[in-house]
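K.L.:
The structure under discussion is supplied below as structure tokens; questions concerning it will follow.
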Amino acid sequence: MHEITAEPKYLSAEERGRTRALYQAAFPEDTERFVDFYYQYKTRDNQILVLEQDGQIVSMLHRNPYTMIMNGYEFPADYIVAVATEKAFRHQGCMRKLLEKALNDMADQGMPFTFLMPASESIYAPFDFVWICPYMELPMRVERMSAEAQNRYLAGRYQMFCKRDARYMKNLQAERIAETGEAMPDHIQPFMARVTDVTSMLRLIGSREEKVLYLKIKDPIVEKNNGYFCWTTAPEESVVERMEEAPEHIDLELTIGELTSFLFEGMKICLSESV
């Protein structure tokens, strides 16, 4: 075992290919053709957070960008994928370093939440990720629709989904070609999510009638999420105000994981993204 002393850093666009060896070692089930697709298409506009030791990348986390639509609102959210660590550097907190850095950066950027498809619930539950929905395959007739038509179809049936646009459709076409001839896995894991910026997230959630709720939120990783919030929900717009002092009464006292469950519970969600 080697001691890791490095701090997380983002690779430049030109450096992202340096993570390919670690990707292939960590995910041997992915074919060479699929890895070619991933490094040609997905790393063009993603962010890769790494730990380096003596010039070698020993741990990584990829932030793949998506445009989400929730309750009619459009906003960016990152899909966390390709989290991996070299065997000699495991069990030293590498993933924790990367996740804590990524979550705080997303919060600073005002991203309401992040999502992922876990290898195991036990890996991400300690970081307050919770189950939100199963992987969903769209009907073939829908997949053949244009981006605009798919968005209309999804908006009529779901409260949250990934927006289809030219980049999304081009990536999806390349992904399907890369997967040609590959057998689909028997079971695809459901998605987990975590609120990253409380204020941004609460503004996306409305109610049929106006309500005022006073919340106390506890987040052990993202400091800006800790504290008291006055949340006014309404059919047209929700307003969130951070409070400097505790209110006279608190309606809900929640951990960030409990808040995530509370907000996503019962929401109609369609996610069919794999990377």
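Residues are referred to by chain and number: the chain letter is A, B, ... according to the order shown in the structure tokens, the number counts from 1 in that chain, and ligands are numbered separately from 1 in the order shown.
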Can you tell me, as a PyMOL selection string, which residues in range 16-219 of chain A count as alpha helix (DSSP H) by DSSP?
P.N.:
chain A and resi 20-26+32-41+94-108+121-124+140-143+147-155+166-178+198-202
K.L.:
May I have the residues within 9 Å of Ile177 in chain A as a PyMOL selection string, using only C-alpha atoms and disregarding those fewer than 4 positions away in the same chain?
P.N.:
chain A and resi 34+37+172-173+181
K.L.:
Pull the strand (DSSP E) assignments for range 35-209 of chain A out of DSSP run on the backbone, and list those residues as a ChimeraX atom specification.
P.N.:
/A:47-53,56-70,73-85,113-116,130-133,160-162,191-195
K.L.:
Any idea what's packed within 9 Å of Glu236 in chain A, counting only C-alpha atoms, ignoring anything in its chain fewer than 3 positions away? Could you give it as a list in words?
P.N.:
Gly206, Ser207, Arg208 and Thr233 of chain A
K.L.:
List the spatial neighbours of Ala26 in chain A as a list in words - criterion: any atom at most 10 Å away, only C-alpha atoms, same-chain residues fewer than 4 positions off excluded.
P.N.:
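Listing them by chain and then by number gives Arg20, Ala21, Leu22, Asp30, Ala82, Val83, Ala84, Thr85, Glu86 and Lys87 of chain A.
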K.L.:
Give the answer as one residue: which of A:Pro185, A:Leu154, A:Phe27, A:Met201 has the shortest atom-to-atom distance to Phe75 in chain A, using only C-alpha atoms?
P.N.:
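Checking each of A:Pro185, A:Leu154, A:Phe27, A:Met201 against Phe75 in chain A, counting only C-alpha atoms, the winner is A:Met201.
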